[in-house]
>>> print(open('run.txt').read())   # compact mmCIF, C-alpha atoms
# COMPACT_ATOMS: atom_id res chain seq x y z
CA MET A 13 0.00 0.00 0.00
CA ALA A 14 1.43 3.37 -1.01
CA ALA A 15 2.22 5.89 1.69
CA PRO A 16 -0.14 8.90 1.93
CA MET A 17 0.93 11.83 -0.20
CA GLU A 18 2.05 14.91 1.67
CA VAL A 19 1.30 18.26 0.06
CA ALA A 20 2.05 21.90 0.71
CA VAL A 21 -0.85 24.32 0.24
CA CYS A 22 0.19 27.96 -0.20
CA THR A 23 -1.44 31.26 -1.00
CA ASP A 24 0.24 34.18 -2.75
CA SER A 25 -1.11 37.70 -2.70
CA ALA A 26 0.94 38.72 -5.76
CA ALA A 27 0.38 35.76 -8.10
CA GLN A 28 -1.26 36.66 -11.42
CA LEU A 29 -2.53 33.22 -12.46
CA TRP A 30 -3.70 31.74 -9.17
CA SER A 31 -4.41 32.65 -5.56
CA CYS A 32 -3.82 29.21 -4.02
CA ILE A 33 -1.53 26.40 -5.18
CA VAL A 34 -0.91 22.80 -4.07
CA TRP A 35 2.54 21.22 -4.41
CA GLU A 36 3.63 17.65 -3.80
CA LEU A 37 5.99 18.22 -0.92
CA HIS A 38 8.95 16.00 -1.78
CA SER A 39 9.02 16.23 -5.58
CA GLY A 40 7.84 19.84 -5.88
CA ALA A 41 5.27 18.93 -8.56
CA ASN A 42 2.37 21.33 -9.05
CA LEU A 43 -0.85 19.38 -8.40
CA LEU A 44 -3.65 21.96 -8.27
CA THR A 45 -4.24 25.68 -8.48
CA TYR A 46 -7.23 27.73 -7.38
CA ARG A 47 -8.12 31.12 -8.79
CA GLY A 48 -9.86 34.15 -7.38
CA GLY A 49 -8.87 36.75 -4.81
CA GLN A 50 -5.90 37.24 -2.50
CA ALA A 51 -5.85 35.35 0.79
CA GLY A 52 -4.70 37.18 3.90
CA PRO A 53 -2.25 35.89 6.53
CA ARG A 54 -3.55 33.14 8.83
CA GLY A 55 -6.53 32.94 6.49
CA LEU A 56 -6.26 29.44 4.95
CA ALA A 57 -8.25 26.43 6.24
CA LEU A 58 -9.38 23.00 5.07
CA LEU A 59 -13.03 22.20 5.84
CA ASN A 60 -13.87 18.54 6.44
CA GLY A 61 -11.52 17.39 3.66
CA GLU A 62 -13.99 18.73 1.06
CA TYR A 63 -13.60 22.50 0.83
CA LEU A 64 -10.69 24.91 0.87
CA LEU A 65 -11.44 28.20 2.62
CA ALA A 66 -9.43 31.39 2.21
CA ALA A 67 -10.16 34.68 3.97
CA GLN A 68 -9.66 37.46 1.45
CA LEU A 69 -7.14 40.15 2.30
CA GLY A 70 -8.97 43.33 3.36
CA LYS A 71 -12.34 41.99 2.10
CA ASN A 72 -15.43 41.03 4.06
CA TYR A 73 -15.84 37.54 2.58
CA ILE A 74 -14.28 34.08 2.61
CA SER A 75 -13.66 32.23 -0.65
CA ALA A 76 -14.56 28.52 -0.73
CA TRP A 77 -13.49 25.99 -3.37
CA GLU A 78 -14.37 22.35 -3.72
CA LEU A 79 -11.00 20.63 -3.53
CA GLN A 80 -11.21 18.83 -6.86
CA ARG A 81 -13.10 21.45 -8.88
CA LYS A 82 -10.10 23.73 -9.22
CA ASP A 83 -11.37 25.70 -12.22
CA GLN A 84 -14.73 26.65 -10.77
CA LEU A 85 -15.55 30.14 -9.57
CA GLN A 86 -15.19 30.20 -5.82
CA GLN A 87 -18.20 30.46 -3.54
CA LYS A 88 -18.30 33.50 -1.29
CA ILE A 89 -19.13 33.41 2.40
CA MET A 90 -20.09 36.95 3.34
CA CYS A 91 -18.90 38.22 6.72
CA PRO A 92 -19.70 41.29 8.84
CA GLY A 93 -16.21 42.70 8.19
CA PRO A 94 -12.71 41.88 6.92
CA VAL A 95 -11.46 38.55 8.27
CA THR A 96 -8.08 38.73 10.03
CA CYS A 97 -7.69 34.96 10.70
CA LEU A 98 -9.57 31.76 10.01
CA THR A 99 -9.70 28.13 11.16
CA THR A 100 -12.05 25.12 11.18
CA SER A 101 -12.71 22.38 13.72
CA PRO A 102 -11.07 18.99 13.05
CA ASN A 103 -14.47 17.31 12.66
CA GLY A 104 -15.63 19.91 10.14
CA LEU A 105 -18.63 21.04 12.19
CA TYR A 106 -17.58 24.61 12.96
CA VAL A 107 -15.82 27.57 11.35
CA LEU A 108 -14.03 30.22 13.42
CA ALA A 109 -13.11 33.64 12.07
CA GLY A 110 -11.47 36.64 13.65
CA ILE A 111 -13.16 39.88 12.60
CA ALA A 112 -11.64 42.98 14.21
CA GLU A 113 -11.46 42.23 17.95
CA SER A 114 -14.27 39.62 17.90
CA ILE A 115 -14.38 35.87 17.22
CA TYR A 116 -17.29 34.53 15.13
CA LEU A 117 -18.36 30.88 15.43
CA TRP A 118 -20.53 29.34 12.68
CA GLU A 119 -22.15 25.92 12.47
CA VAL A 120 -21.33 24.46 9.07
CA SER A 121 -24.41 22.23 8.69
CA THR A 122 -26.88 25.13 9.02
CA GLY A 123 -24.79 28.25 8.45
CA ASN A 124 -26.07 29.69 11.74
CA LEU A 125 -23.89 32.14 13.60
CA LEU A 126 -23.86 30.57 17.06
CA VAL A 127 -21.90 33.06 19.12
CA ILE A 128 -19.75 36.18 18.93
CA LEU A 129 -16.91 36.32 21.45
CA SER A 130 -15.60 39.79 22.29
CA ARG A 131 -12.89 39.35 24.91
CA HIS A 132 -9.96 40.75 22.93
CA TYR A 133 -9.32 44.49 23.02
CA GLN A 134 -7.59 44.72 19.62
CA ASP A 135 -7.68 42.72 16.38
CA VAL A 136 -7.53 38.94 16.63
CA SER A 137 -4.38 37.77 14.83
CA CYS A 138 -4.50 33.94 15.03
CA LEU A 139 -6.92 31.12 15.82
CA GLN A 140 -6.48 27.37 16.20
CA PHE A 141 -8.45 24.37 17.48
CA THR A 142 -6.95 21.61 19.61
CA GLY A 143 -6.56 18.26 17.88
CA ASP A 144 -9.79 16.85 19.32
CA GLY A 145 -11.82 20.03 18.76
CA SER A 146 -12.71 20.37 22.46
CA HIS A 147 -10.90 23.70 22.84
CA PHE A 148 -9.73 26.54 20.64
CA LEU A 149 -7.17 29.27 21.16
CA SER A 150 -7.04 32.88 20.06
CA GLY A 151 -4.21 35.39 20.02
CA GLY A 152 -4.52 39.11 19.43
CA LYS A 153 -2.69 42.37 19.02
CA ASP A 154 -3.66 43.14 22.63
CA CYS A 155 -0.86 40.76 23.76
CA LEU A 156 -3.40 38.24 25.09
CA VAL A 157 -3.80 34.54 24.32
CA LEU A 158 -7.15 33.06 25.32
CA ALA A 159 -7.98 29.36 25.70
CA TRP A 160 -11.69 28.58 25.18
CA SER A 161 -13.72 25.46 25.93
CA LEU A 162 -15.99 24.84 22.92
CA CYS A 163 -18.62 23.12 25.07
CA SER A 164 -18.80 26.07 27.48
CA VAL A 165 -19.02 28.56 24.62
CA LEU A 166 -21.90 26.69 22.93
CA GLN A 167 -23.94 26.12 26.10
CA VAL A 168 -23.46 29.43 27.83
CA ASP A 169 -26.52 31.35 28.97
CA PRO A 170 -27.32 34.04 26.33
CA SER A 171 -27.69 36.64 29.07
CA ARG A 172 -24.11 36.06 30.21
CA THR A 173 -20.83 36.84 28.47
CA PRO A 174 -18.84 33.71 27.58
CA ALA A 175 -15.60 33.51 29.53
CA PRO A 176 -12.37 31.84 28.38
CA ARG A 177 -10.95 28.95 30.36
CA HIS A 178 -7.52 30.58 30.56
CA VAL A 179 -6.20 34.09 29.93
CA TRP A 180 -2.47 34.15 29.21
CA SER A 181 -1.11 37.69 29.54
CA ARG A 182 2.65 37.20 29.92
CA HIS A 183 3.47 38.63 26.47
CA THR A 184 4.10 42.38 26.28
CA LEU A 185 3.69 42.97 22.51
CA PRO A 186 1.20 41.68 19.89
CA ILE A 187 0.83 37.94 19.38
CA THR A 188 2.09 36.85 15.95
CA ASP A 189 1.43 33.11 15.91
CA LEU A 190 0.42 30.10 17.99
CA HIS A 191 0.76 26.35 17.59
CA CYS A 192 -1.19 23.65 19.43
CA GLY A 193 0.36 20.22 19.91
CA PHE A 194 -1.33 16.86 20.33
CA GLY A 195 -3.33 15.80 23.37
CA GLY A 196 -6.61 17.70 23.12
CA PRO A 197 -7.28 19.29 26.54
CA LEU A 198 -3.86 18.03 27.71
CA ALA A 199 -1.98 19.62 24.80
CA ARG A 200 0.86 22.11 24.99
CA VAL A 201 0.57 25.44 23.17
CA ALA A 202 3.44 27.53 21.84
CA THR A 203 2.90 31.26 21.33
CA SER A 204 5.16 33.82 19.64
CA SER A 205 5.19 37.58 19.93
CA LEU A 206 6.96 40.71 18.78
CA ASP A 207 8.35 40.98 22.31
CA GLN A 208 11.10 38.55 21.14
CA THR A 209 9.82 35.63 23.22
CA VAL A 210 8.22 32.27 22.59
CA LYS A 211 6.24 30.77 25.46
CA LEU A 212 5.03 27.22 26.02
CA TRP A 213 1.77 26.69 27.93
CA GLU A 214 -0.27 23.76 29.21
CA VAL A 215 -3.97 23.79 28.29
CA SER A 216 -5.16 21.64 31.19
CA SER A 217 -3.66 23.72 33.99
CA GLY A 218 -3.01 27.00 32.20
CA GLU A 219 0.54 27.07 33.58
CA LEU A 220 3.53 28.59 31.79
CA LEU A 221 6.01 25.77 31.12
CA LEU A 222 8.78 27.61 29.29
CA SER A 223 9.72 31.07 28.06
CA VAL A 224 12.57 31.56 25.57
CA LEU A 225 14.01 35.00 24.83
CA PHE A 226 15.56 35.74 21.41
CA ASP A 227 17.46 38.69 19.95
CA VAL A 228 14.73 39.46 17.37
CA GLY A 229 10.97 39.51 17.21
CA ILE A 230 9.41 36.11 16.50
CA MET A 231 6.88 35.99 13.65
CA ALA A 232 6.04 32.26 13.54
CA VAL A 233 6.28 29.17 15.71
CA THR A 234 5.68 25.44 15.32
CA MET A 235 6.72 22.07 16.76
CA ASP A 236 7.50 18.69 15.27
CA LEU A 237 4.94 15.90 15.75
CA ALA A 238 6.87 14.32 18.63
CA GLU A 239 7.18 17.78 20.27
CA HIS A 240 10.91 17.33 20.78
CA HIS A 241 11.82 20.53 18.93
CA LEU A 242 10.41 24.03 18.80
CA PHE A 243 11.02 26.02 15.59
CA CYS A 244 10.78 29.81 15.73
CA GLY A 245 10.85 32.12 12.72
CA GLY A 246 12.50 35.48 13.36
CA SER A 247 11.84 38.89 11.86
CA ASP A 248 15.38 38.86 10.43
CA GLY A 249 14.76 35.73 8.34
CA SER A 250 16.43 33.28 10.74
CA ILE A 251 14.84 30.08 12.01
CA PHE A 252 15.78 28.99 15.52
CA GLN A 253 15.55 25.41 16.78
CA VAL A 254 14.92 24.90 20.50
CA ASP A 255 15.39 21.35 21.83
CA LEU A 256 12.69 20.85 24.44
CA CYS A 257 14.02 17.54 25.75
CA THR A 258 17.50 18.87 26.54
CA TRP A 259 16.46 22.28 27.78
CA PRO A 260 17.53 23.14 31.37
CA GLY A 261 14.97 22.98 34.14
CA GLN A 262 14.38 26.72 34.52
CA ARG A 263 11.27 28.22 32.97
CA GLU A 264 12.95 31.31 31.51
CA LYS A 265 16.05 31.14 29.34
CA ALA A 266 17.72 33.23 26.66
CA PHE A 267 18.55 31.60 23.34
CA GLN A 268 22.21 32.22 22.56
CA PRO A 269 23.07 31.85 18.85
CA GLU A 270 26.82 31.72 19.50
CA GLN A 271 26.39 28.61 21.64
CA ASP A 272 23.73 27.00 19.43
CA SER A 273 25.12 27.91 15.99
CA GLY A 274 24.05 24.56 14.55
CA LYS A 275 20.47 25.28 15.53
CA VAL A 276 20.07 28.53 13.61
CA PHE A 277 18.98 28.29 9.96
CA ARG A 278 19.61 31.30 7.75
CA GLY A 279 18.19 31.31 4.27
CA HIS A 280 15.64 34.11 3.96
CA ARG A 281 17.07 37.49 3.12
CA CYS A 282 14.13 39.75 2.28
CA GLY A 283 12.17 40.18 5.48
CA GLY A 284 11.13 37.80 8.22
CA VAL A 285 9.85 34.25 8.27
CA LEU A 286 6.08 34.66 8.45
CA CYS A 287 5.00 31.01 8.64
CA LEU A 288 6.50 27.68 9.67
CA GLU A 289 5.19 24.15 9.11
CA VAL A 290 6.78 20.78 9.86
CA GLY A 291 5.85 17.72 7.84
CA SER A 292 4.75 14.43 9.31
CA ASP A 293 7.98 12.57 8.45
CA GLY A 294 10.06 14.56 10.93
CA GLY A 295 13.09 14.10 8.69
CA GLY A 296 14.48 17.57 9.29
CA LEU A 297 13.66 21.21 8.95
CA ALA A 298 14.93 21.68 5.41
CA GLY A 299 13.16 18.62 4.00
CA SER A 300 9.85 18.92 5.74
CA THR A 301 9.27 22.56 6.53
CA ALA A 302 7.51 25.17 4.41
CA TRP A 303 8.14 28.87 4.87
CA ARG A 304 6.20 31.82 3.61
CA LEU A 305 7.94 35.07 2.87
CA GLY A 306 6.99 38.37 1.27
CA PRO A 307 3.81 38.04 -0.81
CA VAL A 308 3.28 34.38 0.19
CA THR A 309 0.64 34.77 2.88
CA ASN A 310 -0.02 31.16 3.96
CA ALA A 311 1.77 27.81 3.85
CA SER A 312 0.36 24.60 5.25
CA ILE A 313 1.65 21.01 5.07
CA MET A 314 -0.96 18.25 5.22
CA LEU A 315 -1.71 14.73 4.05
CA ALA A 316 -3.61 15.03 0.79
CA PRO A 317 -7.34 14.31 1.34
CA VAL A 318 -8.97 11.68 -0.86
CA SER A 319 -11.14 14.38 -2.42
CA MET A 320 -8.03 16.24 -3.63
CA LEU A 321 -6.70 13.27 -5.60
CA SER A 322 -9.97 11.78 -6.91
CA SER A 323 -11.54 13.49 -9.91
CA ASP A 324 -14.94 11.89 -9.20
CA PHE A 325 -15.25 13.05 -5.63
CA ARG A 326 -17.95 15.56 -4.69
CA PRO A 327 -18.79 17.02 -1.26
CA GLY A 328 -21.44 15.19 0.71
CA LEU A 329 -23.39 18.39 1.34
CA PRO A 330 -23.23 21.84 -0.25
CA LEU A 331 -22.15 24.78 1.83
CA PRO A 332 -25.16 26.62 3.30
CA HIS A 333 -25.70 30.34 3.44
CA PHE A 334 -23.68 31.67 6.39
CA ASN A 335 -25.59 34.20 8.49
CA LYS A 336 -23.90 37.45 9.37
CA HIS A 337 -25.93 38.02 12.52
CA LEU A 338 -27.04 36.01 15.52
CA LEU A 339 -30.56 34.61 15.07
CA GLY A 340 -30.19 35.33 11.34
CA ALA A 341 -33.81 35.75 10.15
CA GLU A 342 -34.56 38.22 12.95
CA HIS A 343 -31.67 40.48 11.94
CA GLY A 344 -32.17 40.75 8.23
CA ASP A 345 -30.60 37.54 6.92
CA GLU A 346 -32.74 35.47 4.60
CA PRO A 347 -34.56 32.65 6.39
CA HIS A 348 -33.90 29.09 5.23
CA ARG A 349 -36.56 27.44 3.11
CA GLY A 350 -37.14 23.93 1.92
CA GLY A 351 -35.63 22.17 4.92
CA PHE A 352 -35.57 21.88 8.67
CA THR A 353 -33.01 22.34 11.41
CA LEU A 354 -32.46 19.95 14.28
CA ARG A 355 -30.50 21.51 17.12
CA LEU A 356 -29.61 19.98 20.45
CA GLY A 357 -28.83 22.32 23.30
CA LEU A 358 -29.45 25.90 24.26
CA HIS A 359 -29.73 27.34 20.75
CA GLN A 360 -32.90 25.47 19.78
CA GLN A 361 -36.28 27.18 19.52
CA GLY A 362 -38.26 27.80 22.70
CA SER A 363 -37.15 28.09 26.30
CA GLU A 364 -35.17 25.09 27.48
CA PRO A 365 -33.32 24.64 30.78
CA SER A 366 -29.59 25.17 30.65
CA HIS A 367 -27.11 22.39 31.31
CA LEU A 368 -26.57 23.74 34.83
CA GLU A 369 -30.29 23.56 35.61
CA ARG A 370 -30.43 20.05 34.18
CA ALA A 371 -27.45 19.05 36.33
CA ALA A 372 -29.21 20.40 39.44
CA GLN A 373 -32.37 18.47 38.59
CA LEU A 374 -30.38 15.29 38.02
CA HIS A 375 -28.57 15.73 41.35
CA SER A 376 -31.89 16.20 43.15
CA VAL A 377 -33.36 13.05 41.59
CA MET A 378 -30.25 11.00 42.39
CA SER A 379 -30.19 12.24 46.00
CA GLY A 380 -33.86 11.33 46.45
CA THR A 381 -33.32 7.89 44.94
CA MET A 382 -30.32 7.23 47.17
CA GLU A 383 -32.22 8.31 50.27
CA LYS A 384 -35.11 6.01 49.44
CA SER A 385 -32.85 3.08 48.64
CA VAL A 386 -30.73 3.42 51.79
CA LEU A 387 -33.21 4.63 54.39
CA GLY A 388 -36.50 3.54 52.83
CA GLY A 389 -38.12 6.98 53.05
CA GLN A 390 -39.33 8.94 56.05
CA ASP A 391 -42.14 6.57 57.00
CA GLN A 392 -39.90 3.53 56.85
CA LEU A 393 -37.33 5.44 58.88
CA ARG A 394 -39.78 6.10 61.72
CA ILE A 395 -40.85 2.44 61.76
CA ARG A 396 -37.24 1.29 61.85
CA VAL A 397 -36.43 3.68 64.74
CA ALA A 398 -39.38 2.34 66.75
CA GLU A 399 -38.23 -1.25 66.18
CA LEU A 400 -34.72 -0.42 67.33
CA GLU A 401 -36.03 1.31 70.45
CA ASP A 402 -38.11 -1.78 71.37
CA GLU A 403 -35.06 -3.98 70.87
CA VAL A 404 -33.00 -1.72 73.16
CA ARG A 405 -35.67 -1.93 75.89
CA ASN A 406 -35.75 -5.73 75.63
CA LEU A 407 -31.97 -5.91 75.89
CA ARG A 408 -32.01 -3.70 78.98
CA LYS A 409 -34.66 -5.94 80.61
CA VAL A 410 -32.63 -9.08 79.84
CA ASN A 411 -29.50 -7.45 81.22
CA ARG A 412 -31.31 -6.42 84.40
CA ASP A 413 -32.75 -9.94 84.90
CA LEU A 414 -29.29 -11.48 84.45
CA PHE A 415 -27.85 -9.05 87.00
CA ASP A 416 -30.57 -9.85 89.58
CA PHE A 417 -30.15 -13.61 89.07
CA SER A 418 -26.38 -13.40 89.45
CA THR A 419 -26.75 -11.31 92.62
CA ARG A 420 -29.06 -13.84 94.22
CA ILE A 421 -26.74 -16.73 93.42
CA ILE A 422 -23.67 -14.96 94.81
CA THR A 423 -25.35 -13.66 98.02
CA ARG A 424 -27.29 -16.84 98.78
CA PRO A 425 -26.19 -18.28 102.13
CA LYS A 426 -24.54 -21.68 102.05
>>> encode(input="run.txt", output="structure tokens")
Amino acid sequence: MAAPMEVAVCTDSAAQLWSCIVWELHSGANLLTYRGGQAGPRGLALLNGEYLLAAQLGKNYISAWELQRKDQLQQKIMCPGPVTCLTTSPNGLYVLAGIAESIYLWEVSTGNLLVILSRHYQDVSCLQFTGDGSHFLSGGKDCLVLAWSLCSVLQVDPSRTPAPRHVWSRHTLPITDLHCGFGGPLARVATSSLDQTVKLWEVSSGELLLSVLFDVGIMAVTMDLAEHHLFCGGSDGSIFQVDLCTWPGQREKAFQPEQDSGKVFRGHRCGGVLCLEVGSDGGGLAGSTAWRLGPVTNASIMLAPVSMLSSDFRPGLPLPHFNKHLLGAEHGDEPHRGGFTLRLGLHQQGSEPSHLERAAQLHSVMSGTMEKSVLGGQDQLRIRVAELEDEVRNLRKVNRDLFDFSTRIITRPK
């Protein structure tokens, strides 16, 4: 059986013939090109292995192509404003977009805008889901990195403002990139900033594990699949390799190029390294890493989906109309016709108890059941107490009779 093909998907804001191109990673062969628009930084995402999404630079829409139909005109997903970053959930159910200082979350099956998160104070610069889709992370120009629980965001009471699980505020300048490792809620997250540091965090506890100081601002960060090495792209075009397994025990350390000369890669000359990706083979930085520089706005390495290589493949479902407002039909968006929507949870029609209220009800029922099973209820409890009291009285009478009998035997004259 042939090994899966690994491809590099890139977008170029200055290309005349295409806006997105797919290369076979190891041979460099051009496999596919997609036309239409100019994708912005951090604006490229693969949706469920069927669609390629690209947030257009300075425009208020997202272009969507079917992976195999490369020559078609792209579909347009209209947004409330220019999209600064874009990502999709691993299971293909949700789309996240950063628009100004807010995060918009859409449900792909219906196109409904589920929630708008406004906890950043300046533009959102990067977004990424964890590998299992249970959490997502956002970084902004306000120097903050926020870790969100998807379940809490979806089930939050509409009258309350959703709160992130963790707020990481140790950076002092805008966040430029973030990378989430494997492990879902136990994953480690690397963040880079213009403050010349890269920090490593733990999603489960929210603790800072490591902070590395460099001589230049860091524009991009990534890790290999085994998470043995951290690769950091500098604003001077250098790429720095940090060995996590051999790093000293202290949490804060300065990277010294003169001592780690073999771990500094210099190849870019015109500006900084704006994106880093490591391939799945882990064979080395030069052979399995893609960089974007200058007009190249995105570069992503992935295993080629079946739909990309099969000319007969078509998406299972067409993309719906994406609403620009919460509760779309009530705010001017066209209502859906010719179908129905099945929603589980707080966002369905009508007033339904929240998950907290349901948990309280379940606790009450379980407590009542346990009380009945152990004590038999209040009536049975009173009966049982009366029986025990009678038994105590009988035991006292027997004890008294034994005492009197023993006394008579001992004091009886011989």
>>> atom_distance(input="run.txt", atom1="CA of Arg182 (chain A)", atom2="CA of Gln167 (chain A)")
29.1 Å
>>> closest_residue(input="run.txt", among="A:Gln50, A:Gln253, A:Thr96, A:Ser216", to="Ile115 (chain A)", atoms="all atoms listed in the file")
A:Thr96
>>> closest_residue(input="run.txt", among="A:Tyr73, A:Phe141, A:Phe148, A:Phe415", to="Ile111 (chain A)", atoms="only C-alpha atoms")
A:Tyr73
>>> atom_distance(input="run.txt", atom1="CA of Gly55 (chain A)", atom2="CA of Asp135 (chain A)")
14.0 Å
>>> atom_distance(input="run.txt", atom1="CA of Ser146 (chain A)", atom2="CA of Cys32 (chain A)")
29.3 Å
>>> residues_around(input="run.txt", residues="region 257-270 of chain A", least_positions_apart="2", cutoff="8 Å", atoms="only C-alpha atoms", output="VMD selection string")
chain A and resid 220 to 227 240 to 241 254 to 255 272 to 273 275 to 276
>>> closest_residue(input="run.txt", among="A:Gln87, A:Ser31, A:Gln390, A:Gln80", to="Pro317 (chain A)", atoms="only C-alpha atoms")
A:Gln80
